[in-house]
$ cat my_file-v4.pdb   # PDB, C-alpha atoms
MODEL        1
ATOM      1  CA  MET Q 743     -34.310 -37.338  12.969
ATOM      2  CA  HIS Q 744     -36.814 -35.484  10.849
ATOM      3  CA  LEU Q 745     -35.903 -32.191   9.131
ATOM      4  CA  HIS Q 746     -38.590 -29.814   8.002
ATOM      5  CA  LYS Q 747     -38.712 -28.961   4.300
ATOM      6  CA  TYR Q 748     -37.484 -25.356   4.898
ATOM      7  CA  GLU Q 749     -34.628 -26.557   7.107
ATOM      8  CA  LYS Q 750     -33.461 -28.815   4.277
ATOM      9  CA  VAL Q 751     -33.658 -25.928   1.794
ATOM     10  CA  TRP Q 752     -31.586 -23.613   4.008
ATOM     11  CA  LEU Q 753     -29.115 -26.373   4.847
ATOM     12  CA  VAL Q 754     -28.524 -27.069   1.137
ATOM     13  CA  PHE Q 755     -28.291 -23.320   0.405
ATOM     14  CA  GLY Q 756     -25.710 -22.812   3.187
ATOM     15  CA  LEU Q 757     -23.563 -25.755   2.131
ATOM     16  CA  ALA Q 758     -23.718 -24.765  -1.550
ATOM     17  CA  SER Q 759     -22.659 -21.197  -0.618
ATOM     18  CA  LEU Q 760     -19.716 -22.543   1.387
ATOM     19  CA  VAL Q 761     -18.564 -24.796  -1.460
ATOM     20  CA  LEU Q 762     -18.884 -21.941  -3.981
ATOM     21  CA  PHE Q 763     -16.881 -19.603  -1.706
ATOM     22  CA  LEU Q 764     -14.093 -22.176  -1.267
ATOM     23  CA  LEU Q 765     -13.952 -22.801  -5.020
ATOM     24  CA  ILE Q 766     -13.615 -19.062  -5.740
ATOM     25  CA  ILE Q 767     -10.871 -18.637  -3.114
ATOM     26  CA  GLY Q 768      -9.034 -21.720  -4.412
ATOM     27  CA  PHE Q 769      -9.248 -20.490  -8.004
ATOM     28  CA  ALA Q 770      -7.919 -17.049  -7.053
ATOM     29  CA  ALA Q 771      -5.119 -18.371  -4.835
ATOM     30  CA  PHE Q 772      -3.834 -21.315  -6.855
ATOM     31  CA  TRP Q 773      -4.806 -20.741 -10.481
ATOM     32  CA  LYS Q 774      -4.516 -16.930 -10.642
ATOM     33  CA  GLY Q 775      -1.654 -16.693  -8.126
ATOM     34  CA  THR Q 776      -3.293 -14.092  -5.888
ATOM     35  CA  HIS Q 777      -1.166 -13.413  -2.800
ATOM     36  CA  PRO Q 778      -1.065 -10.666  -0.173
ATOM     37  CA  GLN Q 779       0.571  -7.630  -1.750
ATOM     38  CA  SER Q 780       3.057  -6.892   1.009
ATOM     39  CA  HIS Q 781       4.744 -10.306   0.918
ATOM     40  CA  ILE Q 782       6.469  -9.857  -2.417
ATOM     41  CA  GLU Q 783       9.875  -8.734  -1.164
ATOM     42  CA  THR Q 784      11.276  -8.754   2.349
ATOM     43  CA  ILE Q 785      13.791  -6.385   3.884
ATOM     44  CA  ASP Q 786      15.634  -6.153   7.205
ATOM     45  CA  PRO Q 787      13.691  -3.459   9.105
ATOM     46  CA  GLN Q 788      16.736  -2.646  11.250
ATOM     47  CA  ASN Q 789      18.859  -2.007   8.164
ATOM     48  CA  VAL Q 790      16.623  -0.668   5.372
ATOM     49  CA  GLU Q 791      19.568   1.302   3.963
ATOM     50  CA  ALA Q 792      21.092  -2.012   2.815
ATOM     51  CA  ASN Q 793      18.460  -2.041   0.054
ATOM     52  CA  GLU Q 794      19.530   0.281  -2.765
ATOM     53  CA  SER Q 795      16.051   1.809  -3.105
ATOM     54  CA  PHE Q 796      16.035   3.016   0.491
ATOM     55  CA  GLN Q 797      19.514   4.481   0.751
ATOM     56  CA  PRO Q 798      19.318   8.164   1.771
ATOM     57  CA  ASP Q 799      20.383   9.404  -1.681
ATOM     58  CA  ASN Q 800      17.663   7.341  -3.408
ATOM     59  CA  LEU Q 801      14.704   8.428  -1.279
ATOM     60  CA  GLY Q 802      12.045  10.618  -2.850
ATOM     61  CA  LEU Q 803      11.064  11.045  -6.480
ATOM     62  CA  THR Q 804      13.105   9.562  -9.335
ATOM     63  CA  GLU Q 805      12.173   9.715 -13.012
ATOM     64  CA  VAL Q 806      12.895   6.286 -14.538
ATOM     65  CA  ALA Q 807      11.440   6.879 -18.027
ATOM     66  CA  ASP Q 808       9.433   9.509 -19.850
ATOM     67  CA  GLY Q 809       6.263   9.936 -17.763
ATOM     68  CA  LYS Q 810       7.224   7.177 -15.288
ATOM     69  CA  TYR Q 811       8.409   7.871 -11.761
ATOM     70  CA  VAL Q 812       9.415   5.916  -8.660
ATOM     71  CA  VAL Q 813       8.925   7.328  -5.170
ATOM     72  CA  ASN Q 814      10.948   5.598  -2.424
ATOM     73  CA  ILE Q 815       9.764   6.310   1.127
ATOM     74  CA  VAL Q 816      10.799   5.055   4.568
ATOM     75  CA  ALA Q 817       8.128   5.246   7.272
ATOM     76  CA  SER Q 818       9.265   5.368  10.871
ATOM     77  CA  ALA Q 819       8.054   6.688  14.197
ATOM     78  CA  PHE Q 820       5.788   9.585  13.210
ATOM     79  CA  ASN Q 821       7.611  10.505  10.009
ATOM     80  CA  TYR Q 822       7.644   9.750   6.300
ATOM     81  CA  ASP Q 823      11.169  10.139   4.951
ATOM     82  CA  PHE Q 824      10.770  11.481   1.391
ATOM     83  CA  GLY Q 825      14.490  12.345   1.225
ATOM     84  CA  LYS Q 826      16.225  15.706   1.451
ATOM     85  CA  GLU Q 827      15.973  18.928  -0.514
ATOM     86  CA  GLU Q 828      19.114  20.448  -2.062
ATOM     87  CA  ASP Q 829      19.515  22.718   0.982
ATOM     88  CA  GLY Q 830      19.458  19.691   3.340
ATOM     89  CA  THR Q 831      15.948  20.162   4.737
ATOM     90  CA  ALA Q 832      13.481  17.284   4.786
ATOM     91  CA  THR Q 833      11.281  16.918   1.703
ATOM     92  CA  LYS Q 834       7.566  17.030   2.517
ATOM     93  CA  THR Q 835       6.156  17.515  -0.997
ATOM     94  CA  ILE Q 836       6.476  15.207  -4.003
ATOM     95  CA  ARG Q 837       5.727  16.963  -7.331
ATOM     96  CA  VAL Q 838       4.695  14.887 -10.369
ATOM     97  CA  PRO Q 839       3.230  15.877 -13.745
ATOM     98  CA  LYS Q 840      -0.425  15.147 -14.456
ATOM     99  CA  GLY Q 841      -0.937  11.850 -16.304
ATOM    100  CA  SER Q 842       2.348  10.337 -15.138
ATOM    101  CA  THR Q 843       2.638   6.804 -13.786
ATOM    102  CA  VAL Q 844       4.060   6.716 -10.269
ATOM    103  CA  LEU Q 845       5.315   3.618  -8.440
ATOM    104  CA  PHE Q 846       5.257   4.169  -4.675
ATOM    105  CA  GLN Q 847       7.714   1.907  -2.786
ATOM    106  CA  VAL Q 848       7.378   2.151   0.981
ATOM    107  CA  THR Q 849       8.887   0.262   3.902
ATOM    108  CA  SER Q 850       8.822   0.676   7.665
ATOM    109  CA  LYS Q 851      11.622   0.596  10.221
ATOM    110  CA  ASP Q 852       9.547   0.085  13.353
ATOM    111  CA  VAL Q 853       5.789  -0.661  13.435
ATOM    112  CA  VAL Q 854       2.891  -1.093  11.024
ATOM    113  CA  HIS Q 855       2.055   2.171   9.262
ATOM    114  CA  GLY Q 856      -0.466   3.128   6.634
ATOM    115  CA  PHE Q 857       0.258   5.041   3.449
ATOM    116  CA  GLN Q 858      -2.647   6.787   1.784
ATOM    117  CA  VAL Q 859      -2.637   9.578  -0.756
ATOM    118  CA  ALA Q 860      -6.068  11.016   0.033
ATOM    119  CA  GLY Q 861      -8.184  11.660  -3.046
ATOM    120  CA  THR Q 862      -6.433   8.991  -5.139
ATOM    121  CA  ASN Q 863      -6.518   5.203  -5.213
ATOM    122  CA  VAL Q 864      -3.127   4.928  -3.455
ATOM    123  CA  ASN Q 865      -3.641   3.111  -0.145
ATOM    124  CA  MET Q 866      -1.250   0.569   1.404
ATOM    125  CA  MET Q 867      -0.431  -1.060   4.688
ATOM    126  CA  VAL Q 868       3.294  -0.716   5.384
ATOM    127  CA  GLU Q 869       4.713  -3.535   7.486
ATOM    128  CA  PRO Q 870       8.212  -3.760   8.959
ATOM    129  CA  GLY Q 871      10.259  -6.308   7.034
ATOM    130  CA  HIS Q 872       8.305  -5.913   3.792
ATOM    131  CA  ILE Q 873       8.397  -3.553   0.828
ATOM    132  CA  SER Q 874       4.928  -2.358  -0.164
ATOM    133  CA  ARG Q 875       4.473  -1.226  -3.758
ATOM    134  CA  PHE Q 876       1.579   0.496  -5.499
ATOM    135  CA  GLU Q 877       1.565   1.915  -9.014
ATOM    136  CA  SER Q 878      -0.919   4.608  -9.934
ATOM    137  CA  VAL Q 879      -1.569   6.990 -12.793
ATOM    138  CA  MET Q 880      -1.954  10.506 -11.411
ATOM    139  CA  LYS Q 881      -4.930  11.651 -13.505
ATOM    140  CA  ASN Q 882      -6.139  14.676 -11.530
ATOM    141  CA  ASP Q 883      -4.099  17.756 -10.796
ATOM    142  CA  GLY Q 884      -4.000  19.324  -7.345
ATOM    143  CA  GLU Q 885      -2.470  18.809  -3.921
ATOM    144  CA  PHE Q 886      -3.135  15.490  -2.214
ATOM    145  CA  THR Q 887      -2.340  14.841   1.429
ATOM    146  CA  VAL Q 888      -0.315  11.768   2.350
ATOM    147  CA  VAL Q 889      -1.557  10.340   5.641
ATOM    148  CA  CYS Q 890      -0.801   7.373   7.868
ATOM    149  CA  ASN Q 891      -4.114   5.540   8.222
ATOM    150  CA  GLU Q 892      -2.871   2.902  10.695
ATOM    151  CA  TYR Q 893      -2.522   4.052  14.289
ATOM    152  CA  CYS Q 894       1.202   3.851  15.036
ATOM    153  CA  GLY Q 895       1.550   5.604  18.381
ATOM    154  CA  ILE Q 896       1.175   8.891  20.195
ATOM    155  CA  GLY Q 897       2.634  11.025  17.385
ATOM    156  CA  HIS Q 898       0.539   9.344  14.678
ATOM    157  CA  HIS Q 899      -1.121  12.643  13.721
ATOM    158  CA  LEU Q 900       2.292  14.085  12.780
ATOM    159  CA  MET Q 901       2.756  11.644   9.862
ATOM    160  CA  PHE Q 902       1.786  13.555   6.753
ATOM    161  CA  GLY Q 903       3.154  14.894   3.515
ATOM    162  CA  THR Q 904       1.891  16.154   0.162
ATOM    163  CA  VAL Q 905       1.799  14.858  -3.395
ATOM    164  CA  GLU Q 906       1.369  17.737  -5.822
ATOM    165  CA  VAL Q 907       0.167  16.864  -9.315
ATOM    166  CA  TYR Q 908       0.724  19.738 -11.766
TER     167      TYR Q 908
ENDMDL
END

$ encode --input "my_file-v4.pdb" --output "structure tokens"
Amino acid sequence: MHLHKYEKVWLVFGLASLVLFLLIIGFAAFWKGTHPQSHIETIDPQNVEANESFQPDNLGLTEVADGKYVVNIVASAFNYDFGKEEDGTATKTIRVPKGSTVLFQVTSKDVVHGFQVAGTNVNMMVEPGHISRFESVMKNDGEFTVVCNEYCGIGHHLMFGTVEVY
């Protein structure tokens, strides 16, 4: 079988690209320890309250150190549970100071949800049975809408909240 000169060039280029790609993936996965973010810690989606972070009293914003906050959120059918206000109503706004570091911890009880704070770099896929975490420094002040960016059913458009940076 005779291969034309250009066929040989493209064949070598394609094989070299494949080998380079596999070497980069292998380096990232095995040497650097890169793994999918959501597979760090698992949780029983039918009993998320068994995890201390997602007990009703621990949902919402908690200051853990000066300028460092943790936000625990449970996503379920068409709702983000940010906890309760002092009067017992559902919290829909998280208020954090400008320049603070915020760790968002989110889990789901039912289906795959998205968690995006529009206008920031916070964007996660929230899977049932896993705890998704994302730490961000809130550099810009203003109100940022929290949206579910994974279609989760007929009431998907009702999943929203607000992060207010002051």

$ atom_distance --input "my_file-v4.pdb" --atom1 "CA of Ile836 in chain Q" --atom2 "CA of Met880 in chain Q"
12.2 Å

$ resolve_selection --input "my_file-v4.pdb" --expression "the PyMOL selection byres ((chain Q and resi 905) around 6)" --output "ChimeraX atom specification"
/Q:835-837,885-886,904,906

$ resolve_selection --input "my_file-v4.pdb" --expression "the PyMOL selection byres ((chain Q and resi 827) around 12)" --output "short mmCIF file (atom, residue, chain, number, x, y, z; two decimals) with C-alpha atoms, keeping the file's coordinate frame"
data_model
loop_
_atom_site.label_atom_id
_atom_site.label_comp_id
_atom_site.auth_asym_id
_atom_site.auth_seq_id
_atom_site.Cartn_x
_atom_site.Cartn_y
_atom_site.Cartn_z
CA PRO Q 798 19.32 8.16 1.77
CA ASP Q 799 20.38 9.40 -1.68
CA LEU Q 801 14.70 8.43 -1.28
CA GLY Q 802 12.04 10.62 -2.85
CA LEU Q 803 11.06 11.04 -6.48
CA ASP Q 823 11.17 10.14 4.95
CA PHE Q 824 10.77 11.48 1.39
CA GLY Q 825 14.49 12.34 1.23
CA LYS Q 826 16.23 15.71 1.45
CA GLU Q 828 19.11 20.45 -2.06
CA ASP Q 829 19.52 22.72 0.98
CA GLY Q 830 19.46 19.69 3.34
CA THR Q 831 15.95 20.16 4.74
CA ALA Q 832 13.48 17.28 4.79
CA THR Q 833 11.28 16.92 1.70
CA LYS Q 834 7.57 17.03 2.52
CA THR Q 835 6.16 17.52 -1.00
CA ILE Q 836 6.48 15.21 -4.00
#

$ resolve_selection --input "my_file-v4.pdb" --expression "the PyMOL selection byres ((chain Q and resi 787) around 10)" --output "PyMOL selection string"
chain Q and resi 784-786+788-792+849-853+869-873

$ atom_distance --input "my_file-v4.pdb" --atom1 "CA of Val854 in chain Q" --atom2 "CA of Gly903 in chain Q"
17.7 Å

$ closest_residue --input "my_file-v4.pdb" --among "Q:Gln858, Q:Ser759, Q:Ser795, Q:Ser842" --to "Asn882 in chain Q" --atoms "only C-alpha atoms"
Q:Ser842
